[in-house]
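Asker: run_2.cif is reproduced below (mmCIF, C-alpha atoms and all ligand atoms).
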```cif
data_protein
#
loop_
_atom_site.label_atom_id
_atom_site.label_comp_id
_atom_site.auth_asym_id
_atom_site.auth_seq_id
_atom_site.Cartn_x
_atom_site.Cartn_y
_atom_site.Cartn_z
CA MET A 1 36.82 -12.87 9.33
CA LYS A 2 37.24 -9.71 11.34
CA PRO A 3 36.02 -6.28 10.22
CA ALA A 4 38.33 -3.67 8.77
CA PRO A 5 39.34 -1.05 11.40
CA PHE A 6 36.64 1.50 12.21
CA LYS A 7 35.87 4.26 14.71
CA TYR A 8 32.92 3.78 17.06
CA VAL A 9 30.70 6.50 18.55
CA ALA A 10 27.77 5.75 20.86
CA ALA A 11 25.38 8.59 20.06
CA THR A 12 23.36 9.90 23.00
CA SER A 13 20.88 12.02 21.03
CA LEU A 14 19.27 12.11 17.60
CA GLU A 15 20.86 15.51 16.97
CA GLN A 16 24.34 14.11 17.66
CA ALA A 17 23.77 11.07 15.42
CA LEU A 18 22.51 13.25 12.55
CA ALA A 19 25.36 15.76 12.95
CA LEU A 20 27.91 12.91 12.75
CA LYS A 21 26.20 11.50 9.66
CA ALA A 22 26.17 14.96 8.03
CA GLN A 23 29.90 15.25 8.76
CA HIS A 24 30.94 11.77 7.53
CA GLY A 25 28.29 10.90 4.88
CA ASP A 26 28.74 7.50 3.22
CA GLU A 27 31.88 6.84 5.29
CA ALA A 28 29.62 6.44 8.34
CA LYS A 29 26.94 3.83 9.08
CA PHE A 30 24.29 3.78 11.77
CA LEU A 31 24.48 0.70 13.97
CA ALA A 32 21.01 -0.52 15.02
CA GLY A 33 20.59 -4.25 15.80
CA GLY A 34 23.78 -5.08 13.86
CA GLN A 35 22.23 -8.29 12.47
CA SER A 36 22.93 -7.35 8.85
CA LEU A 37 25.65 -4.73 9.22
CA ILE A 38 28.05 -6.66 11.46
CA PRO A 39 28.08 -9.83 9.30
CA ALA A 40 28.63 -7.62 6.23
CA MET A 41 31.55 -5.91 8.01
CA ASN A 42 33.01 -9.24 9.11
CA PHE A 43 32.94 -10.42 5.48
CA ARG A 44 34.38 -7.00 4.51
CA LEU A 45 31.44 -6.41 2.20
CA ALA A 46 30.93 -3.20 4.21
CA ARG A 47 33.88 -1.11 5.44
CA PRO A 48 32.49 1.96 7.20
CA ALA A 49 35.18 4.22 8.62
CA ILE A 50 32.88 5.14 11.51
CA LEU A 51 29.99 3.37 13.23
CA ILE A 52 27.36 5.61 14.84
CA ASP A 53 25.64 3.44 17.44
CA ILE A 54 22.03 4.64 17.81
CA ASN A 55 21.00 2.07 20.44
CA GLY A 56 21.19 4.66 23.26
CA ILE A 57 18.64 7.01 21.65
CA GLU A 58 15.44 6.13 23.49
CA SER A 59 13.24 8.46 21.44
CA LEU A 60 13.78 6.11 18.46
CA CYS A 61 12.07 3.16 20.26
CA GLY A 62 8.46 2.23 20.71
CA VAL A 63 5.00 2.16 19.16
CA ARG A 64 2.44 4.98 19.47
CA THR A 65 -1.09 5.04 18.01
CA PHE A 66 -2.82 8.38 17.59
CA GLU A 67 -6.05 8.87 15.65
CA ALA A 68 -5.82 6.81 12.43
CA THR A 69 -2.05 6.17 12.40
CA THR A 70 0.39 3.97 14.29
CA ARG A 71 3.96 5.27 14.46
CA ILE A 72 6.83 2.88 15.04
CA GLY A 73 10.26 4.08 16.13
CA PRO A 74 13.01 2.61 13.90
CA LEU A 75 14.87 1.14 16.87
CA THR A 76 11.86 -0.98 17.87
CA ARG A 77 13.04 -4.58 17.89
CA TYR A 78 11.21 -7.47 16.25
CA ALA A 79 10.93 -9.17 19.65
CA ALA A 80 9.21 -6.10 21.17
CA LEU A 81 6.63 -6.15 18.36
CA GLN A 82 6.13 -9.90 18.84
CA ARG A 83 5.42 -9.41 22.55
CA ASP A 84 2.93 -6.59 21.88
CA ALA A 85 -0.49 -8.28 21.58
CA ALA A 86 -2.27 -4.96 20.94
CA PHE A 87 0.07 -4.27 18.02
CA ALA A 88 -0.54 -7.74 16.55
CA ARG A 89 -4.30 -7.08 16.71
CA LEU A 90 -3.89 -3.78 14.86
CA PHE A 91 -1.53 -5.21 12.23
CA PRO A 92 -2.10 -8.96 11.91
CA LEU A 93 0.04 -9.07 8.75
CA ILE A 94 3.12 -8.07 10.74
CA GLY A 95 2.14 -10.37 13.63
CA GLU A 96 1.89 -13.31 11.25
CA ALA A 97 5.18 -12.51 9.48
CA LEU A 98 7.42 -11.92 12.51
CA PRO A 99 7.98 -15.61 13.41
CA HIS A 100 9.24 -16.14 9.84
CA ILE A 101 12.00 -13.54 10.25
CA ALA A 102 15.26 -15.21 11.18
CA HIS A 103 15.59 -16.79 14.66
CA PRO A 104 14.77 -15.65 18.22
CA GLN A 105 18.34 -14.42 18.90
CA ILE A 106 18.25 -12.25 15.76
CA ARG A 107 14.73 -11.01 16.54
CA ASN A 108 15.93 -9.96 20.02
CA ARG A 109 18.39 -7.48 18.46
CA GLY A 110 17.12 -6.76 14.91
CA THR A 111 15.09 -3.57 14.46
CA ILE A 112 12.34 -2.58 12.08
CA GLY A 113 14.31 0.53 10.99
CA GLY A 114 17.45 -1.51 10.30
CA ASN A 115 15.41 -4.05 8.38
CA LEU A 116 13.76 -1.48 6.10
CA SER A 117 17.00 0.51 5.63
CA HIS A 118 18.87 -2.67 4.70
CA ALA A 119 16.26 -3.31 1.95
CA ASP A 120 16.90 -6.98 1.37
CA PRO A 121 14.51 -7.96 -1.46
CA ALA A 122 13.81 -11.33 0.20
CA SER A 123 12.88 -9.69 3.49
CA GLU A 124 9.31 -9.89 4.73
CA LEU A 125 8.72 -6.43 6.26
CA PRO A 126 9.48 -4.30 3.17
CA ALA A 127 6.75 -6.17 1.24
CA ILE A 128 4.35 -5.76 4.17
CA ALA A 129 5.18 -2.04 4.44
CA VAL A 130 4.23 -1.69 0.77
CA ALA A 131 1.01 -3.71 1.25
CA LEU A 132 0.03 -1.61 4.29
CA ARG A 133 0.78 1.66 2.43
CA ALA A 134 3.24 2.66 5.13
CA ARG A 135 5.08 5.95 5.01
CA VAL A 136 8.70 6.20 6.03
CA HIS A 137 9.84 9.38 7.84
CA ILE A 138 13.37 10.48 7.14
CA GLN A 139 15.49 13.11 8.86
CA SER A 140 18.86 14.75 8.40
CA ALA A 141 20.49 17.56 10.38
CA LYS A 142 18.94 20.02 7.90
CA ARG A 143 15.55 18.64 6.81
CA ALA A 144 12.76 16.12 7.39
CA ARG A 145 10.70 14.38 4.74
CA SER A 146 8.31 11.49 4.30
CA VAL A 147 8.21 8.88 1.52
CA ALA A 148 5.67 6.19 0.65
CA ALA A 149 7.12 2.71 1.28
CA ALA A 150 6.46 1.92 -2.39
CA ASP A 151 8.97 4.66 -3.35
CA PHE A 152 11.48 4.02 -0.54
CA PHE A 153 12.87 0.75 -1.96
CA VAL A 154 14.95 1.62 -5.02
CA SER A 155 16.76 -1.66 -5.82
CA ALA A 156 18.35 -4.59 -3.98
CA LEU A 157 19.95 -3.28 -0.74
CA THR A 158 19.34 0.31 -1.89
CA THR A 159 16.80 2.79 -0.58
CA ASP A 160 15.91 6.41 -1.15
CA LEU A 161 17.97 7.39 1.97
CA LYS A 162 20.65 9.99 1.23
CA ALA A 163 24.15 9.89 2.76
CA ASP A 164 23.22 12.31 5.58
CA GLU A 165 19.79 10.84 6.41
CA MET A 166 18.28 8.51 9.01
CA LEU A 167 14.98 6.63 8.90
CA THR A 168 13.29 8.05 12.01
CA GLU A 169 9.74 6.62 11.95
CA ILE A 170 7.46 4.19 10.14
CA ALA A 171 3.84 5.38 9.93
CA LEU A 172 1.13 2.78 9.35
CA PRO A 173 -2.48 3.73 8.62
CA LEU A 174 -4.96 1.74 10.73
CA GLN A 175 -6.96 -0.78 8.72
CA SER A 176 -10.74 -0.54 8.25
CA ALA A 177 -13.20 -2.90 9.90
CA ARG A 178 -14.04 -6.06 7.89
CA THR A 179 -10.43 -6.38 6.73
CA GLY A 180 -8.73 -9.77 6.59
CA ASN A 181 -4.98 -10.37 6.33
CA CYS A 182 -2.69 -13.23 5.47
CA PHE A 183 1.10 -13.56 5.27
CA MET A 184 2.61 -16.76 3.88
CA GLU A 185 6.04 -17.73 2.65
CA VAL A 186 8.05 -20.66 1.38
CA ALA A 187 11.63 -20.91 2.66
CA ARG A 188 14.03 -23.85 2.71
CA ARG A 189 14.01 -23.89 6.52
CA ARG A 190 12.18 -21.88 9.17
CA GLY A 191 14.18 -18.67 9.68
CA ASP A 192 15.75 -18.64 6.23
CA PHE A 193 15.02 -15.79 3.86
CA ALA A 194 11.90 -16.43 1.78
CA ILE A 195 12.12 -18.01 -1.68
CA VAL A 196 8.75 -16.32 -2.17
CA GLY A 197 6.58 -14.57 0.41
CA VAL A 198 3.19 -12.91 0.00
CA ALA A 199 1.23 -10.35 2.02
CA ALA A 200 -2.49 -10.18 1.20
CA GLN A 201 -5.18 -7.93 2.61
CA VAL A 202 -8.88 -7.98 1.65
CA THR A 203 -11.48 -5.44 2.82
CA LEU A 204 -15.20 -6.15 2.38
CA ASP A 205 -18.10 -3.69 2.21
CA ASP A 206 -21.55 -4.19 3.78
CA HIS A 207 -22.63 -6.33 0.80
CA ASN A 208 -19.57 -8.61 1.15
CA ALA A 209 -18.00 -7.22 -2.01
CA CYS A 210 -14.29 -6.41 -2.05
CA SER A 211 -13.79 -2.69 -1.45
CA ASP A 212 -9.99 -2.74 -1.15
CA ILE A 213 -7.31 -5.30 -1.85
CA ARG A 214 -3.56 -5.37 -1.31
CA LEU A 215 -1.09 -7.94 -2.56
CA ALA A 216 2.70 -7.63 -2.25
CA PHE A 217 5.56 -10.11 -2.58
CA CYS A 218 9.08 -10.54 -1.28
CA GLY A 219 11.81 -12.66 -2.85
CA ILE A 220 10.81 -12.26 -6.49
CA GLY A 221 12.34 -8.93 -7.52
CA GLU A 222 14.99 -6.33 -6.75
CA THR A 223 12.46 -4.61 -4.47
CA PRO A 224 9.15 -5.64 -2.91
CA VAL A 225 6.69 -6.33 -5.75
CA ASP A 226 3.33 -4.57 -5.48
CA ALA A 227 0.85 -6.88 -7.27
CA GLY A 228 -2.19 -4.85 -6.20
CA PRO A 229 -3.13 -4.12 -9.85
CA ALA A 230 -3.29 -7.87 -10.60
CA ALA A 231 -5.82 -8.28 -7.78
CA GLY A 232 -7.84 -5.22 -8.86
CA LEU A 233 -10.33 -7.41 -10.74
CA LEU A 234 -11.75 -8.51 -7.37
CA ILE A 235 -12.84 -4.96 -6.45
CA GLY A 236 -16.63 -4.56 -6.42
CA HIS A 237 -17.23 -8.33 -6.45
CA SER A 238 -17.78 -11.02 -3.90
CA PRO A 239 -14.60 -13.07 -4.53
CA THR A 240 -14.90 -16.62 -5.87
CA GLU A 241 -12.40 -19.46 -6.30
CA THR A 242 -12.36 -18.77 -10.05
CA ALA A 243 -11.51 -15.12 -9.41
CA PHE A 244 -8.64 -16.09 -7.06
CA ARG A 245 -7.28 -18.40 -9.80
CA GLU A 246 -7.50 -15.54 -12.34
CA VAL A 247 -5.53 -13.24 -10.02
CA ALA A 248 -2.90 -15.97 -9.54
CA ALA A 249 -2.59 -16.38 -13.33
CA SER A 250 -2.20 -12.63 -13.71
CA VAL A 251 0.49 -12.54 -11.00
CA ARG A 252 2.43 -15.33 -12.75
CA THR A 253 2.40 -13.26 -15.93
CA MET A 254 3.37 -9.92 -14.38
CA ILE A 255 6.33 -10.99 -12.21
CA GLU A 256 9.91 -11.50 -13.39
CA PRO A 257 11.70 -13.54 -10.72
CA ALA A 258 15.43 -13.97 -11.26
CA GLY A 259 15.80 -17.43 -9.68
CA SER A 260 18.63 -18.33 -7.32
CA VAL A 261 20.69 -21.31 -6.18
CA HIS A 262 17.65 -22.39 -4.14
CA ALA A 263 14.90 -22.06 -6.76
CA THR A 264 14.61 -21.56 -10.50
CA ALA A 265 12.68 -18.59 -11.83
CA ASP A 266 9.96 -20.97 -13.07
CA TYR A 267 9.60 -22.51 -9.62
CA GLN A 268 9.35 -19.05 -8.02
CA ARG A 269 6.69 -18.08 -10.56
CA HIS A 270 4.75 -21.27 -9.78
CA LEU A 271 5.03 -20.65 -6.01
CA ALA A 272 3.89 -17.04 -6.36
CA GLY A 273 0.71 -18.25 -8.07
CA VAL A 274 0.00 -20.94 -5.47
CA LEU A 275 0.64 -18.53 -2.57
CA THR A 276 -1.55 -15.86 -4.19
CA GLU A 277 -4.56 -18.18 -4.26
CA ARG A 278 -4.01 -19.44 -0.72
CA ALA A 279 -3.31 -16.05 0.84
CA LEU A 280 -6.25 -14.32 -0.87
CA ARG A 281 -8.62 -17.13 0.12
CA THR A 282 -7.49 -16.96 3.77
CA ALA A 283 -7.54 -13.14 3.91
CA HIS A 284 -11.06 -13.17 2.42
CA GLN A 285 -12.30 -15.70 5.02
CA ARG A 286 -10.71 -13.64 7.81
CA ALA A 287 -12.26 -10.39 6.52
CA HIS A 288 -15.68 -11.61 7.68
CA HIS A 289 -14.30 -11.56 11.25
CA GLY A 290 -12.10 -8.45 10.76
CA ARG A 291 -8.64 -9.82 11.46
C1 LIG A 301 21.08 -15.79 10.18
C2 LIG A 301 20.23 -14.61 9.78
C3 LIG A 301 18.97 -14.85 9.22
C4 LIG A 301 18.17 -13.78 8.85
N1 LIG A 301 16.95 -14.05 8.31
C5 LIG A 301 16.14 -13.04 7.96
C6 LIG A 301 14.84 -13.28 7.42
O1 LIG A 301 14.38 -14.41 7.29
N2 LIG A 301 14.11 -12.20 7.07
C7 LIG A 301 14.57 -10.90 7.24
O2 LIG A 301 13.85 -9.96 6.90
N3 LIG A 301 15.78 -10.65 7.74
C8 LIG A 301 16.57 -11.67 8.12
N4 LIG A 301 17.81 -11.40 8.64
C9 LIG A 301 18.28 -9.98 8.72
C10 LIG A 301 17.76 -9.33 9.99
O3 LIG A 301 16.36 -9.19 9.90
C11 LIG A 301 18.39 -7.96 10.28
O4 LIG A 301 18.26 -7.73 11.62
C12 LIG A 301 17.78 -6.76 9.62
O5 LIG A 301 17.77 -6.96 8.25
C13 LIG A 301 18.58 -5.50 9.95
O6 LIG A 301 18.17 -4.91 11.15
P1 LIG A 301 19.24 -4.43 12.23
O7 LIG A 301 18.52 -3.62 13.25
O8 LIG A 301 20.01 -5.59 12.72
O9 LIG A 301 20.13 -3.43 11.36
P2 LIG A 301 21.72 -3.24 11.25
O10 LIG A 301 22.37 -4.52 10.87
O11 LIG A 301 22.24 -2.55 12.45
O12 LIG A 301 21.75 -2.23 10.02
C14 LIG A 301 21.42 -2.62 8.71
C15 LIG A 301 21.64 -1.44 7.76
O13 LIG A 301 20.67 -0.42 8.00
C16 LIG A 301 21.32 0.82 8.39
N5 LIG A 301 20.45 1.40 9.42
C17 LIG A 301 20.05 0.82 10.57
N6 LIG A 301 19.16 1.61 11.20
C18 LIG A 301 18.98 2.71 10.40
C19 LIG A 301 18.17 3.88 10.49
N7 LIG A 301 17.31 4.08 11.51
N8 LIG A 301 18.25 4.79 9.49
C20 LIG A 301 19.08 4.58 8.43
N9 LIG A 301 19.86 3.50 8.29
C21 LIG A 301 19.81 2.58 9.26
C22 LIG A 301 22.69 0.41 8.90
O14 LIG A 301 23.62 1.47 8.79
C23 LIG A 301 23.01 -0.75 7.97
O15 LIG A 301 23.45 -0.26 6.72
C24 LIG A 301 18.63 -12.44 9.03
C25 LIG A 301 19.87 -12.18 9.62
C26 LIG A 301 20.68 -13.25 9.98
C27 LIG A 301 22.02 -12.95 10.61
#
```
Would you mind giving the structure from this file in structure tokens?
Ligand SMILES: Cc1cc2nc3c(=O)[nH]c(=O)nc-3n(C[C@H](O)[C@H](O)[C@H](O)COP(=O)(O)OP(=O)(O)OC[C@H]3O[C@@H](n4cnc5c(N)ncnc54)[C@H](O)[C@@H]3O)c2cc1C
Answerer:
Amino acid sequence: MKPAPFKYVAATSLEQALALKAQHGDEAKFLAGGQSLIPAMNFRLARPAILIDINGIESLCGVRTFEATTRIGPLTRYAALQRDAAFARLFPLIGEALPHIAHPQIRNRGTIGGNLSHADPASELPAIAVALRARVHIQSAKRARSVAAADFFVSALTTDLKADEMLTEIALPLQSARTGNCFMEVARRRGDFAIVGVAAQVTLDDHNACSDIRLAFCGIGETPVDAGPAAGLLIGHSPTETAFREVAASVRTMIEPAGSVHATADYQRHLAGVLTERALRTAHQRAHHGR
């Protein structure tokens, strides 16, 4: 299939891109890596009248860490993050998840901003953004605002972005010492979207008790599923195998997977429990070494 006819503008500045979006609203789409948008246009699932190519706006690229926050430009490509060893040390959850996202060719072009804006419920990074308590910065020609990742994802393929807005930055708080991370997923083949994926983070205090815990899933809801409350029973305790099993049982009860052609809802529920136990166990072991 070929896309429906469209106009193309290569924006040279953020101001120009935002002015065009203000003028054309929902009729216009930003073009980042094109790895979701172009296939959707070729299938005619998306028919934007105008494409605003943001690839020439250098200020939207790159990673900067200042004080307790790392800021990622939306045009930063998966491959750039994968090559950045310092970034992987700061955010091991993202480092561990990146090889699961699609294939090298797609990671060479795909961007973190395009990924979050596309809001595929099976996608890894939205769940990780929720687990890491990221904030998403949003700008239009008239205003700027910031939203917690947990509030940014509204439903499948739908975010809080308004017709005139662009995602302009992802802000990640640095993690405390004695924090362990683990990302795991089950997919039919390497590079496929996850049937279920889990991001777990465990922080220990000086007495080896859990002082903070994060648990978020992809693939089992319309948006990333924050299962932090199910893991809350670990807080204040030194986690045991029994406690991990209790959290897994609680996760199985709280989630409502829809199932798909690749997995029934019951199978997804089962997998979510198994992955919960494994990911929490691994994150807990890693917390002793702070990674
Ligand atoms: C074969 C294949 C396998 C894949 N497997 C996976 C996978 O396993 N996991 C996974 O997570 N993804 C997967 N993807 C999707 C891939 O990760 C996409 O690259 C990503 O979802 C979109 O990023 P992009 O930069 O290509 O965005 P684009 O395709 O350019 O844009 C996507 C959407 O976001 C909008 N947009 C882009 N940037 C912004 C911005 N800054 N502000 C506001 N709106 C914006 C666009 O207008 C468009 O609506 C796969 C894709 C393919 C083709």
Asker: What does the distance between CA of Gly113 (chain A) and CA of Gln35 (chain A) come to in Å, to one decimal place?
Answerer: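 Going from CA of Gly113 (chain A) over to CA of Gln35 (chain A), I get 11.9 Å.
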Asker: Using all atoms listed in the file, tabulate the residues of chain A lying at most 7 Å from any atom of ligand LIG 301 (chain A), each with its closest atom pair and that distance in Å to one decimal, by chain and increasing residue number, as CSV.
Answerer:
```
residue,atom,partner,partner_atom,distance
A:Lys29,CA,A:LIG301,O14,4.1
A:Phe30,CA,A:LIG301,O14,3.8
A:Leu31,CA,A:LIG301,O11,4.2
A:Ala32,CA,A:LIG301,O11,3.5
A:Gly33,CA,A:LIG301,O7,3.3
A:Gly34,CA,A:LIG301,O11,3.3
A:Gln35,CA,A:LIG301,O8,3.5
A:Ser36,CA,A:LIG301,O10,3.5
A:Leu37,CA,A:LIG301,O10,3.7
A:Ile38,CA,A:LIG301,O10,6.1
A:Pro39,CA,A:LIG301,C27,6.9
A:Pro74,CA,A:LIG301,N7,5.1
A:Leu75,CA,A:LIG301,N7,6.6
A:His100,CA,A:LIG301,O1,6.0
A:Ile101,CA,A:LIG301,O1,3.9
A:Ala102,CA,A:LIG301,N1,3.5
A:His103,CA,A:LIG301,C3,6.7
A:Ile106,CA,A:LIG301,O4,6.1
A:Arg107,CA,A:LIG301,O4,6.9
A:Arg109,CA,A:LIG301,O8,6.3
A:Gly110,CA,A:LIG301,O4,3.6
A:Thr111,CA,A:LIG301,O7,3.6
A:Ile112,CA,A:LIG301,O6,6.3
A:Gly113,CA,A:LIG301,N7,4.7
A:Gly114,CA,A:LIG301,O9,3.5
A:Asn115,CA,A:LIG301,O5,3.7
A:Ser117,CA,A:LIG301,O13,4.5
A:His118,CA,A:LIG301,C15,4.3
A:Asp120,CA,A:LIG301,O5,6.9
A:Ala122,CA,A:LIG301,O2,6.8
A:Ser123,CA,A:LIG301,O2,3.6
A:Glu124,CA,A:LIG301,O2,5.0
A:Leu125,CA,A:LIG301,O2,6.3
A:Glu165,CA,A:LIG301,C20,6.6
A:Met166,CA,A:LIG301,N8,3.8
A:Leu167,CA,A:LIG301,N8,3.8
A:Thr168,CA,A:LIG301,N7,5.7
A:Gly191,CA,A:LIG301,O1,4.9
A:Asp192,CA,A:LIG301,O1,4.6
A:Phe193,CA,A:LIG301,O1,3.8
A:Ala194,CA,A:LIG301,O1,6.4
```
Asker: List every residue of region 115-231 of chain A that has an atom at most 12 Å from any atom of region 78-89 of chain A, giving for each one its closest atom pair and the distance in Å to one decimal, counting all atoms listed in the file, sorted by chain and then by ascending residue number, as a Markdown table.
Answerer:
```
| residue | atom | partner | partner_atom | distance |
| --- | --- | --- | --- | --- |
| A:Asn115 | CA | A:Tyr78 | CA | 9.6 |
| A:Glu124 | CA | A:Tyr78 | CA | 11.9 |
| A:Leu125 | CA | A:Tyr78 | CA | 10.3 |
| A:Leu172 | CA | A:Phe87 | CA | 11.2 |
| A:Leu174 | CA | A:Arg89 | CA | 10.7 |
| A:Gln175 | CA | A:Arg89 | CA | 10.5 |
| A:Ala177 | CA | A:Arg89 | CA | 12.0 |
| A:Thr179 | CA | A:Arg89 | CA | 11.7 |
| A:Gly180 | CA | A:Arg89 | CA | 11.4 |
| A:Asn181 | CA | A:Arg89 | CA | 10.9 |
```
Asker: Can you work out which one of A:Arg269, A:Lys142, A:Ala19, A:Arg47 has the shortest atom-to-atom distance to Met254 (chain A), counting all atoms listed in the file?
Answerer: A:Arg269
Asker: Within 9 Å of (19.0, -2.4, -4.4) (coordinates as in the file), grab all the protein and nucleic acid residues, counting all atoms listed in the file, and write them out as a list in words.
Answerer: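 Output of the proximity query reads Ala119, Asp120, Pro121, Phe153, Val154, Ser155, Ala156, Leu157, Thr158, Thr159, Glu222 and Thr223 of chain A.
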Asker: Residues within 7 Å of (5.2, -3.2, -6.5), file coordinates, counting only C-alpha atoms: what are they? Give the list as an mmCIF file with C-alpha atoms, in the coordinates of the input.
Answerer:
```
data_model
loop_
_atom_site.group_PDB
_atom_site.id
_atom_site.type_symbol
_atom_site.label_atom_id
_atom_site.label_comp_id
_atom_site.auth_asym_id
_atom_site.auth_seq_id
_atom_site.Cartn_x
_atom_site.Cartn_y
_atom_site.Cartn_z
ATOM 1 C CA ALA A 150 6.460 1.920 -2.390
ATOM 2 C CA ALA A 216 2.700 -7.630 -2.250
ATOM 3 C CA PRO A 224 9.150 -5.640 -2.910
ATOM 4 C CA VAL A 225 6.690 -6.330 -5.750
ATOM 5 C CA ASP A 226 3.330 -4.570 -5.480
ATOM 6 C CA ALA A 227 0.850 -6.880 -7.270
#
```
Asker: Let me make sure I understand: among A:Thr240, A:Ser146, A:Gln285, A:Gln16, which one has the smallest atom-to-atom distance to Val202 (chain A) if we use only C-alpha atoms?
Answerer: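 When distances to Val202 (chain A) are compared using only C-alpha atoms, the smallest one comes from A:Gln285.
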Asker: Pick the closest to Phe217 (chain A) from A:Thr276, A:Thr203, A:Thr242, A:Thr253: which is it, counting all atoms listed in the file?
Answerer: A:Thr276
Asker: Extract, using only C-alpha atoms, all DNA, RNA and protein residues at most 10 Å from Gln201 (chain A), discarding same-chain residues fewer than 5 positions from it, and format them as a PyMOL selection string.
Answerer: chain A and resi 92-93+128+131-132+175+179-183+212-216+228+279-280+282-284+286-287+291
Asker: Interatomic distance between CA of Ala209 (chain A) and CA of Gly236 (chain A)?
Answerer: 5.3 Å
Asker: Suppose you want the space between CA of Ala28 (chain A) and CA of Glu169 (chain A); what is it in Å?
Answerer: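 Calculated distance between CA of Ala28 (chain A) and CA of Glu169 (chain A) is 20.2 Å.
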Asker: Name the residues in contact with Ala49 (chain A) at a cut-off of 12 Å, using all atoms listed in the file, excluding same-chain residues fewer than 4 positions from it; report them as an mmCIF file with C-alpha atoms, keeping the file's coordinate frame.
Answerer:
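And here is the file that came out, out-v8.cif:
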```
data_model
loop_
_atom_site.group_PDB
_atom_site.id
_atom_site.type_symbol
_atom_site.label_atom_id
_atom_site.label_comp_id
_atom_site.auth_asym_id
_atom_site.auth_seq_id
_atom_site.Cartn_x
_atom_site.Cartn_y
_atom_site.Cartn_z
ATOM 1 C CA PRO A 3 36.020 -6.280 10.220
ATOM 2 C CA ALA A 4 38.330 -3.670 8.770
ATOM 3 C CA PRO A 5 39.340 -1.050 11.400
ATOM 4 C CA PHE A 6 36.640 1.500 12.210
ATOM 5 C CA LYS A 7 35.870 4.260 14.710
ATOM 6 C CA TYR A 8 32.920 3.780 17.060
ATOM 7 C CA VAL A 9 30.700 6.500 18.550
ATOM 8 C CA LYS A 21 26.200 11.500 9.660
ATOM 9 C CA HIS A 24 30.940 11.770 7.530
ATOM 10 C CA GLY A 25 28.290 10.900 4.880
ATOM 11 C CA ASP A 26 28.740 7.500 3.220
ATOM 12 C CA GLU A 27 31.880 6.840 5.290
ATOM 13 C CA ALA A 28 29.620 6.440 8.340
ATOM 14 C CA LYS A 29 26.940 3.830 9.080
ATOM 15 C CA PHE A 30 24.290 3.780 11.770
ATOM 16 C CA MET A 41 31.550 -5.910 8.010
ATOM 17 C CA ARG A 44 34.380 -7.000 4.510
#
```
Asker: Go through A:Met1, A:Leu14, A:Ala68, A:Ile235 one by one, measure the shortest atom-to-atom distance of each to Asn208 (chain A) using all atoms listed in the file, and give the residue with the smallest value.
Answerer: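 Of A:Met1, A:Leu14, A:Ala68, A:Ile235, the one nearest Asn208 (chain A), counting all atoms listed in the file, is A:Ile235.
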Asker: Would you please work out which residue, of A:Ile94, A:Leu116, A:Ala163, A:Leu234, is nearest to Leu18 (chain A) when using only C-alpha atoms?
Answerer: A:Ala163
